[in-house]
file structure.txt (compact mmCIF, C-alpha atoms and all ligand atoms)
# COMPACT_ATOMS: atom_id res chain seq x y z
CA MET P 1 1.63 -8.97 -0.21
CA ILE P 2 -0.31 -6.83 2.25
CA MET P 3 -3.14 -4.51 1.32
CA PRO P 4 -4.45 -2.29 4.13
CA ALA P 5 -8.16 -1.72 3.42
CA ALA P 6 -9.58 -1.07 6.88
CA GLY P 7 -9.82 2.73 6.75
CA SER P 8 -13.03 4.61 7.39
CA GLY P 9 -12.48 7.05 4.52
CA GLN P 10 -13.72 10.02 6.54
CA ARG P 11 -12.15 12.52 4.13
CA PHE P 12 -13.98 10.86 1.24
CA GLY P 13 -17.24 11.76 2.93
CA SER P 14 -19.29 8.63 2.13
CA GLN P 15 -21.30 6.51 4.57
CA SER P 16 -19.49 3.32 3.57
CA ASN P 17 -15.81 2.53 2.99
CA LYS P 18 -14.51 4.58 0.02
CA LEU P 19 -12.96 1.38 -1.31
CA PHE P 20 -16.48 0.27 -2.32
CA ALA P 21 -16.91 3.35 -4.53
CA ILE P 22 -17.33 2.52 -8.21
CA LEU P 23 -14.52 3.39 -10.59
CA ASP P 24 -15.07 2.48 -14.24
CA GLY P 25 -17.77 -0.08 -13.37
CA LYS P 26 -15.82 -1.85 -10.64
CA GLN P 27 -15.18 -1.23 -6.95
CA LEU P 28 -12.02 0.67 -6.17
CA TRP P 29 -10.31 -2.09 -4.16
CA GLN P 30 -10.99 -4.64 -6.92
CA HIS P 31 -8.98 -2.53 -9.37
CA THR P 32 -6.14 -2.57 -6.85
CA VAL P 33 -6.28 -6.34 -6.33
CA ASP P 34 -6.38 -6.82 -10.13
CA ARG P 35 -3.03 -5.05 -10.47
CA PHE P 36 -1.39 -7.79 -8.36
CA HIS P 37 -3.24 -11.08 -8.35
CA ASN P 38 -2.07 -12.45 -11.66
CA ARG P 39 1.59 -11.45 -11.37
CA GLY P 40 3.61 -14.64 -11.09
CA ASP P 41 5.70 -13.11 -8.31
CA VAL P 42 2.80 -12.40 -5.90
CA ARG P 43 2.10 -15.55 -3.88
CA GLN P 44 -0.45 -14.39 -1.31
CA ILE P 45 -2.58 -11.30 -0.85
CA VAL P 46 -3.55 -10.39 2.70
CA LEU P 47 -6.26 -7.74 2.94
CA ALA P 48 -6.68 -6.01 6.31
CA VAL P 49 -10.35 -5.08 6.66
CA SER P 50 -12.61 -3.68 9.37
CA GLU P 51 -15.10 -5.82 11.27
CA GLU P 52 -17.91 -3.84 9.65
CA ASP P 53 -16.74 -4.56 6.09
CA GLU P 54 -15.52 -8.12 6.54
CA SER P 55 -18.58 -9.95 5.22
CA THR P 56 -18.82 -7.68 2.14
CA PHE P 57 -15.17 -8.29 1.27
CA ARG P 58 -15.52 -12.03 1.92
CA GLU P 59 -18.48 -12.38 -0.46
CA GLN P 60 -16.80 -10.43 -3.22
CA ILE P 61 -13.46 -12.18 -2.91
CA ALA P 62 -15.22 -15.49 -3.47
CA ALA P 63 -16.20 -14.20 -6.93
CA ILE P 64 -12.65 -13.19 -7.96
CA SER P 65 -10.63 -15.79 -9.82
CA SER P 66 -7.24 -14.92 -8.46
CA ALA P 67 -4.03 -16.80 -9.14
CA ALA P 68 -2.76 -15.71 -5.70
CA PRO P 69 -4.94 -16.74 -2.73
CA ILE P 70 -6.59 -13.75 -1.04
CA HIS P 71 -6.86 -13.84 2.77
CA LEU P 72 -8.67 -11.46 5.13
CA VAL P 73 -7.44 -10.29 8.52
CA ARG P 74 -9.05 -7.85 10.92
CA GLY P 75 -7.46 -4.40 10.62
CA GLY P 76 -6.97 -1.91 13.45
CA ALA P 77 -7.69 1.69 14.38
CA THR P 78 -4.68 3.03 12.45
CA ARG P 79 -3.04 2.03 9.15
CA SER P 80 0.02 0.80 11.06
CA GLU P 81 -2.15 -1.44 13.23
CA SER P 82 -3.83 -2.86 10.14
CA VAL P 83 -0.49 -3.57 8.47
CA GLY P 84 0.81 -5.08 11.74
CA ALA P 85 -2.13 -7.51 11.87
CA ALA P 86 -1.56 -8.53 8.24
CA LEU P 87 2.16 -8.94 8.90
CA ASP P 88 1.39 -11.47 11.64
CA ALA P 89 -0.52 -13.52 9.04
CA VAL P 90 2.27 -13.17 6.47
CA LYS P 91 4.84 -14.40 9.03
CA LYS P 92 2.76 -17.53 9.55
CA PHE P 93 2.48 -18.18 5.80
CA ALA P 94 6.20 -17.67 5.34
CA ALA P 95 7.01 -20.04 8.19
CA GLU P 96 4.69 -22.70 6.74
CA SER P 97 5.80 -22.34 3.15
CA ALA P 98 8.84 -23.90 1.55
CA VAL P 99 9.82 -20.44 0.28
CA ALA P 100 11.05 -19.60 3.76
CA ASN P 101 13.70 -22.32 3.38
CA SER P 102 14.74 -21.54 -0.17
CA SER P 103 17.57 -19.27 -1.23
CA THR P 104 15.11 -16.66 -2.59
CA PRO P 105 14.48 -14.01 0.10
CA THR P 106 10.78 -13.54 0.85
CA LEU P 107 9.66 -10.00 0.07
CA VAL P 108 6.64 -8.34 1.62
CA ALA P 109 5.00 -5.65 -0.53
CA ILE P 110 2.63 -3.29 1.27
CA HIS P 111 0.22 -1.41 -0.97
CA ASP P 112 -2.70 0.85 -0.05
CA ALA P 113 -5.96 -0.61 -1.34
CA ALA P 114 -6.85 3.01 -2.11
CA ARG P 115 -4.20 3.21 -4.89
CA PRO P 116 -5.87 1.46 -7.82
CA LEU P 117 -3.69 2.77 -10.66
CA VAL P 118 -0.19 1.53 -9.90
CA ARG P 119 1.63 0.57 -13.11
CA GLN P 120 3.09 -2.88 -13.75
CA SER P 121 6.40 -1.33 -14.87
CA ASP P 122 6.67 0.51 -11.53
CA LEU P 123 5.93 -2.73 -9.69
CA ASP P 124 8.66 -4.50 -11.67
CA ARG P 125 11.20 -1.84 -10.72
CA VAL P 126 10.36 -1.55 -7.02
CA PHE P 127 10.23 -5.34 -6.59
CA ALA P 128 13.64 -5.68 -8.27
CA LYS P 129 15.19 -2.95 -6.10
CA ALA P 130 13.79 -4.51 -2.92
CA ALA P 131 15.15 -7.93 -3.94
CA GLU P 132 18.57 -6.31 -4.35
CA THR P 133 18.59 -4.12 -1.22
CA GLY P 134 15.95 -5.40 1.23
CA ALA P 135 13.94 -2.16 1.30
CA ALA P 136 12.56 -0.06 -1.57
CA ILE P 137 9.51 2.13 -2.05
CA LEU P 138 7.93 3.96 -4.95
CA ALA P 139 8.16 7.72 -4.57
CA ALA P 140 7.32 10.70 -6.81
CA PRO P 141 9.56 13.79 -6.96
CA VAL P 142 7.92 16.87 -5.42
CA SER P 143 6.97 19.22 -8.25
CA GLY P 144 5.41 22.19 -6.44
CA THR P 145 6.99 24.77 -4.14
CA LEU P 146 6.99 23.48 -0.59
CA LYS P 147 6.03 25.76 2.32
CA ARG P 148 6.15 25.25 6.07
CA THR P 149 4.31 27.40 8.60
CA THR P 150 6.45 29.27 11.10
CA GLY P 151 5.40 31.17 14.24
CA ASN P 152 4.45 34.29 12.30
CA GLY P 153 4.05 33.22 8.66
CA SER P 154 5.72 30.73 6.35
CA GLU P 155 9.06 29.67 4.97
CA THR P 156 10.05 27.82 1.82
CA VAL P 157 11.46 24.30 2.06
CA ASP P 158 14.24 23.37 -0.37
CA ARG P 159 12.54 20.82 -2.60
CA ARG P 160 15.73 19.35 -4.09
CA ASN P 161 15.90 15.68 -3.16
CA THR P 162 12.35 15.66 -1.81
CA PHE P 163 9.83 13.01 -2.79
CA VAL P 164 6.27 12.08 -1.91
CA ALA P 165 6.11 8.50 -0.63
CA LEU P 166 3.87 6.18 -2.64
CA THR P 167 3.15 2.49 -2.33
CA PRO P 168 3.99 -0.32 -2.78
CA GLN P 169 6.67 -0.27 -0.15
CA VAL P 170 8.59 -3.52 -0.41
CA PHE P 171 10.84 -5.12 2.17
CA ALA P 172 12.65 -8.35 2.93
CA ILE P 173 10.45 -10.09 5.47
CA ASP P 174 13.07 -9.90 8.24
CA VAL P 175 13.55 -6.16 7.68
CA ILE P 176 9.85 -5.25 7.97
CA CYS P 177 9.22 -7.68 10.85
CA GLN P 178 12.11 -6.20 12.81
CA ALA P 179 10.83 -2.66 12.18
CA TYR P 180 7.30 -3.53 13.32
CA ALA P 181 8.55 -5.50 16.34
CA ARG P 182 10.53 -2.45 17.44
CA ASP P 183 8.03 0.28 16.76
CA ARG P 184 4.58 -1.26 16.55
CA GLY P 185 1.93 1.14 17.74
CA ARG P 186 4.07 4.21 17.12
CA MET P 187 2.43 6.75 14.81
CA ALA P 188 3.64 6.35 11.22
CA THR P 189 1.87 7.27 8.01
CA ASP P 190 3.87 4.77 5.99
CA ASP P 191 5.90 1.63 6.60
CA ALA P 192 9.22 2.98 5.38
CA GLN P 193 9.28 5.36 8.37
CA LEU P 194 9.48 2.38 10.69
CA VAL P 195 12.27 0.80 8.65
CA GLU P 196 14.16 4.13 8.52
CA ARG P 197 14.22 4.04 12.35
CA THR P 198 16.19 0.80 12.19
CA SER P 199 19.62 0.84 10.62
CA HIS P 200 18.35 -0.50 7.28
CA PRO P 201 18.43 2.11 4.45
CA VAL P 202 15.30 2.50 2.31
CA GLN P 203 15.80 3.05 -1.45
CA LEU P 204 13.49 5.41 -3.34
CA VAL P 205 12.37 4.18 -6.75
CA PRO P 206 10.86 7.00 -8.86
CA GLY P 207 7.27 6.06 -9.67
CA SER P 208 4.49 7.51 -11.76
CA ALA P 209 2.42 10.27 -10.14
CA ASP P 210 -0.62 8.48 -11.67
CA ASN P 211 -0.40 6.13 -8.71
CA LEU P 212 -2.64 8.43 -6.72
CA LYS P 213 -4.32 7.56 -3.44
CA ILE P 214 -8.05 8.07 -3.61
CA THR P 215 -8.71 10.32 -0.63
CA PHE P 216 -11.31 12.90 -1.72
CA PRO P 217 -14.30 12.39 -4.08
CA GLU P 218 -12.57 14.46 -6.79
CA ASP P 219 -9.70 11.92 -6.85
CA LEU P 220 -12.16 9.40 -8.26
CA ARG P 221 -12.84 11.68 -11.25
CA ILE P 222 -9.10 12.07 -11.85
CA ALA P 223 -8.66 8.28 -11.67
CA GLU P 224 -11.51 7.82 -14.15
CA ALA P 225 -9.80 10.24 -16.56
CA ILE P 226 -6.46 8.40 -16.23
CA LEU P 227 -8.14 5.05 -16.94
CA ASN P 228 -9.85 6.51 -20.02
CA GLU P 229 -6.59 7.94 -21.28
CA CYS P 230 -4.85 4.57 -20.87
CA ARG P 231 -7.56 3.00 -23.05
CA SER P 232 -7.30 5.58 -25.84
O1 LIG F 301 -6.97 6.88 4.93
P1 LIG F 301 -5.95 6.58 3.89
O2 LIG F 301 -6.54 6.46 2.51
O3 LIG F 301 -4.77 7.47 3.94
O4 LIG F 301 -5.41 5.12 4.23
C1 LIG F 301 -4.46 4.46 3.38
C2 LIG F 301 -4.82 2.98 3.28
O5 LIG F 301 -4.75 2.40 4.58
C3 LIG F 301 -6.24 2.75 2.75
O6 LIG F 301 -6.24 1.70 1.80
C4 LIG F 301 -7.02 2.41 4.01
O7 LIG F 301 -8.12 1.53 3.79
C5 LIG F 301 -5.95 1.74 4.89
N1 LIG F 301 -6.21 1.86 6.34
C6 LIG F 301 -6.30 0.69 7.10
N2 LIG F 301 -6.59 0.79 8.45
C7 LIG F 301 -6.80 1.99 9.03
C8 LIG F 301 -6.69 3.18 8.27
C9 LIG F 301 -6.38 3.09 6.91
O8 LIG F 301 -6.13 -0.41 6.58
N3 LIG F 301 -7.13 2.03 10.32
call {"tool": "encode", "arguments": {"input": "structure.txt", "output": "structure tokens"}}
result
Amino acid sequence: MIMPAAGSGQRFGSQSNKLFAILDGKQLWQHTVDRFHNRGDVRQIVLAVSEEDESTFREQIAAISSAAPIHLVRGGATRSESVGAALDAVKKFAAESAVANSSTPTLVAIHDAARPLVRQSDLDRVFAKAAETGAAILAAPVSGTLKRTTGNGSETVDRRNTFVALTPQVFAIDVICQAYARDRGRMATDDAQLVERTSHPVQLVPGSADNLKITFPEDLRIAEAILNECRS
């Protein structure tokens, strides 16, 4: 699986990567890794990190006892570039491993390191759908009223059938490699956009809205509250 972690976290407003912020006594990205590394179906974790953060991640990874090996690659200036760099590493692993020759299709799950609260039941469902169809993502139905600005004011967007894209986004390796080969470098805020531009349909799997992306400092307080509630 691929975990882009090379962002600067400008909107979070801290000097260092927001992924090093402490949530319930542990760094944010470690919570995220913990959700995946002991699942029997995750074979490798590839973290895309910035040059600046590489040594910090390397030291801390050495202390994690993970069933799935964790590798680091150098991320890029955009999320897509970071995922592209990790995908190059995943392609190599797949080519080297026996799995590439077996009848089980290799899936690549891409999950933002900044989403530490994804549920195991959601992972089970999105992995199963991707195994069946080759491309599936978690998505949460839009609950508010959607507006779009117009030249002189606003208009309301019909929210029926609208979803907010979450991660993981999970693809058969050939599907995601083809999408990145075709569109690498083109602006995309998620990976499914690139797959949608090929002819391969992407299935939406309804996921919990708890799976929030930590973007602003207040998101950390919400995440803390969700973790506390899960314990009670
Ligand atoms: O900035 P944002 O939180 O939306 O980024 C989503 C995820 O992509 C984060 O985990 C972030 O670290 C990662 N990212 C990346 N490389 C970038 C920008 C963001 O790996 N250049």
call {"tool": "axis_aligned_box", "arguments": {"input": "structure.txt", "around": "ligand LIG 301 (chain F)", "padding_each_side": "6 Å", "output": "AutoDock Vina command-line options"}}
result
--center_x -6.3 --center_y 3.5 --center_z 6.1 --size_x 15.7 --size_y 19.9 --size_z 20.5
call {"tool": "residues_near_ligand", "arguments": {"input": "structure.txt", "ligand": "ligand LIG 301 (chain F)", "cutoff": "10 Å", "atoms": "all atoms listed in the file", "output": "ChimeraX atom specification"}}
result
/P:2-12,17-19,28-29,32,47-50,74-86,110-116,167,189-190,213-216
call {"tool": "write_last_selection", "arguments": {"input": "structure.txt", "atoms": "C-alpha atoms", "output": "PDB file, keeping the file's coordinate frame"}}
result
ATOM      1  CA  ILE P   2      -0.310  -6.830   2.250  1.00  0.00           C
ATOM      2  CA  MET P   3      -3.140  -4.510   1.320  1.00  0.00           C
ATOM      3  CA  PRO P   4      -4.450  -2.290   4.130  1.00  0.00           C
ATOM      4  CA  ALA P   5      -8.160  -1.720   3.420  1.00  0.00           C
ATOM      5  CA  ALA P   6      -9.580  -1.070   6.880  1.00  0.00           C
ATOM      6  CA  GLY P   7      -9.820   2.730   6.750  1.00  0.00           C
ATOM      7  CA  SER P   8     -13.030   4.610   7.390  1.00  0.00           C
ATOM      8  CA  GLY P   9     -12.480   7.050   4.520  1.00  0.00           C
ATOM      9  CA  GLN P  10     -13.720  10.020   6.540  1.00  0.00           C
ATOM     10  CA  ARG P  11     -12.150  12.520   4.130  1.00  0.00           C
ATOM     11  CA  PHE P  12     -13.980  10.860   1.240  1.00  0.00           C
ATOM     12  CA  ASN P  17     -15.810   2.530   2.990  1.00  0.00           C
ATOM     13  CA  LYS P  18     -14.510   4.580   0.020  1.00  0.00           C
ATOM     14  CA  LEU P  19     -12.960   1.380  -1.310  1.00  0.00           C
ATOM     15  CA  LEU P  28     -12.020   0.670  -6.170  1.00  0.00           C
ATOM     16  CA  TRP P  29     -10.310  -2.090  -4.160  1.00  0.00           C
ATOM     17  CA  THR P  32      -6.140  -2.570  -6.850  1.00  0.00           C
ATOM     18  CA  LEU P  47      -6.260  -7.740   2.940  1.00  0.00           C
ATOM     19  CA  ALA P  48      -6.680  -6.010   6.310  1.00  0.00           C
ATOM     20  CA  VAL P  49     -10.350  -5.080   6.660  1.00  0.00           C
ATOM     21  CA  SER P  50     -12.610  -3.680   9.370  1.00  0.00           C
ATOM     22  CA  ARG P  74      -9.050  -7.850  10.920  1.00  0.00           C
ATOM     23  CA  GLY P  75      -7.460  -4.400  10.620  1.00  0.00           C
ATOM     24  CA  GLY P  76      -6.970  -1.910  13.450  1.00  0.00           C
ATOM     25  CA  ALA P  77      -7.690   1.690  14.380  1.00  0.00           C
ATOM     26  CA  THR P  78      -4.680   3.030  12.450  1.00  0.00           C
ATOM     27  CA  ARG P  79      -3.040   2.030   9.150  1.00  0.00           C
ATOM     28  CA  SER P  80       0.020   0.800  11.060  1.00  0.00           C
ATOM     29  CA  GLU P  81      -2.150  -1.440  13.230  1.00  0.00           C
ATOM     30  CA  SER P  82      -3.830  -2.860  10.140  1.00  0.00           C
ATOM     31  CA  VAL P  83      -0.490  -3.570   8.470  1.00  0.00           C
ATOM     32  CA  GLY P  84       0.810  -5.080  11.740  1.00  0.00           C
ATOM     33  CA  ALA P  85      -2.130  -7.510  11.870  1.00  0.00           C
ATOM     34  CA  ALA P  86      -1.560  -8.530   8.240  1.00  0.00           C
ATOM     35  CA  ILE P 110       2.630  -3.290   1.270  1.00  0.00           C
ATOM     36  CA  HIS P 111       0.220  -1.410  -0.970  1.00  0.00           C
ATOM     37  CA  ASP P 112      -2.700   0.850  -0.050  1.00  0.00           C
ATOM     38  CA  ALA P 113      -5.960  -0.610  -1.340  1.00  0.00           C
ATOM     39  CA  ALA P 114      -6.850   3.010  -2.110  1.00  0.00           C
ATOM     40  CA  ARG P 115      -4.200   3.210  -4.890  1.00  0.00           C
ATOM     41  CA  PRO P 116      -5.870   1.460  -7.820  1.00  0.00           C
ATOM     42  CA  THR P 167       3.150   2.490  -2.330  1.00  0.00           C
ATOM     43  CA  THR P 189       1.870   7.270   8.010  1.00  0.00           C
ATOM     44  CA  ASP P 190       3.870   4.770   5.990  1.00  0.00           C
ATOM     45  CA  LYS P 213      -4.320   7.560  -3.440  1.00  0.00           C
ATOM     46  CA  ILE P 214      -8.050   8.070  -3.610  1.00  0.00           C
ATOM     47  CA  THR P 215      -8.710  10.320  -0.630  1.00  0.00           C
ATOM     48  CA  PHE P 216     -11.310  12.900  -1.720  1.00  0.00           C
TER      49      PHE P 216
END
call {"tool": "closest_atom_pairs", "arguments": {"input": "structure.txt", "of": "range 22-99 of chain P", "to": "range 124-142 of chain P", "cutoff": "12 Å", "atoms": "all atoms listed in the file", "output": "CSV"}}
result
residue,atom,partner,partner_atom,distance
P:Arg35,CA,P:Asp124,CA,11.8
P:Phe36,CA,P:Asp124,CA,11.1
P:Arg39,CA,P:Asp124,CA,9.9
P:Gly40,CA,P:Asp124,CA,11.3
P:Asp41,CA,P:Phe127,CA,9.2
P:Val42,CA,P:Phe127,CA,10.3
call {"tool": "residues_around", "arguments": {"input": "structure.txt", "residues": "Pro69 in chain P", "least_positions_apart": "2", "cutoff": "9 Å", "atoms": "all atoms listed in the file", "output": "PDB file with C-alpha atoms, in the frame of the given file"}}
result
ATOM      1  CA  HIS P  37      -3.240 -11.080  -8.350  1.00  0.00           C
ATOM      2  CA  ARG P  43       2.100 -15.550  -3.880  1.00  0.00           C
ATOM      3  CA  GLN P  44      -0.450 -14.390  -1.310  1.00  0.00           C
ATOM      4  CA  ILE P  45      -2.580 -11.300  -0.850  1.00  0.00           C
ATOM      5  CA  VAL P  46      -3.550 -10.390   2.700  1.00  0.00           C
ATOM      6  CA  SER P  66      -7.240 -14.920  -8.460  1.00  0.00           C
ATOM      7  CA  ALA P  67      -4.030 -16.800  -9.140  1.00  0.00           C
ATOM      8  CA  HIS P  71      -6.860 -13.840   2.770  1.00  0.00           C
TER       9      HIS P  71
END
call {"tool": "residues_near_point", "arguments": {"input": "structure.txt", "point": "(9.5, 14.7, -0.5)", "cutoff": "10 Å", "atoms": "all atoms listed in the file", "output": "PyMOL selection string"}}
result
chain P and resi 139-143+146+158-165
call {"tool": "closest_residue", "arguments": {"input": "structure.txt", "among": "P:Asp24, P:Asp34, P:Asp191, P:Glu54", "to": "Val170 in chain P", "atoms": "all atoms listed in the file"}}
result
P:Asp191
call {"tool": "atom_distance", "arguments": {"input": "structure.txt", "atom1": "CA of Ser199 in chain P", "atom2": "CA of Ala172 in chain P"}}
result
13.9 Å
call {"tool": "atom_distance", "arguments": {"input": "structure.txt", "atom1": "CA of Val205 in chain P", "atom2": "CA of Ala89 in chain P"}}
result
27.0 Å
call {"tool": "closest_residue", "arguments": {"input": "structure.txt", "among": "P:Ile70, P:Leu227, P:Met187, P:Leu204", "to": "Gly25 in chain P", "atoms": "all atoms listed in the file"}}
result
P:Leu227
call {"tool": "atom_distance", "arguments": {"input": "structure.txt", "atom1": "CA of Ala188 in chain P", "atom2": "CA of Ile173 in chain P"}}
result
18.7 Å
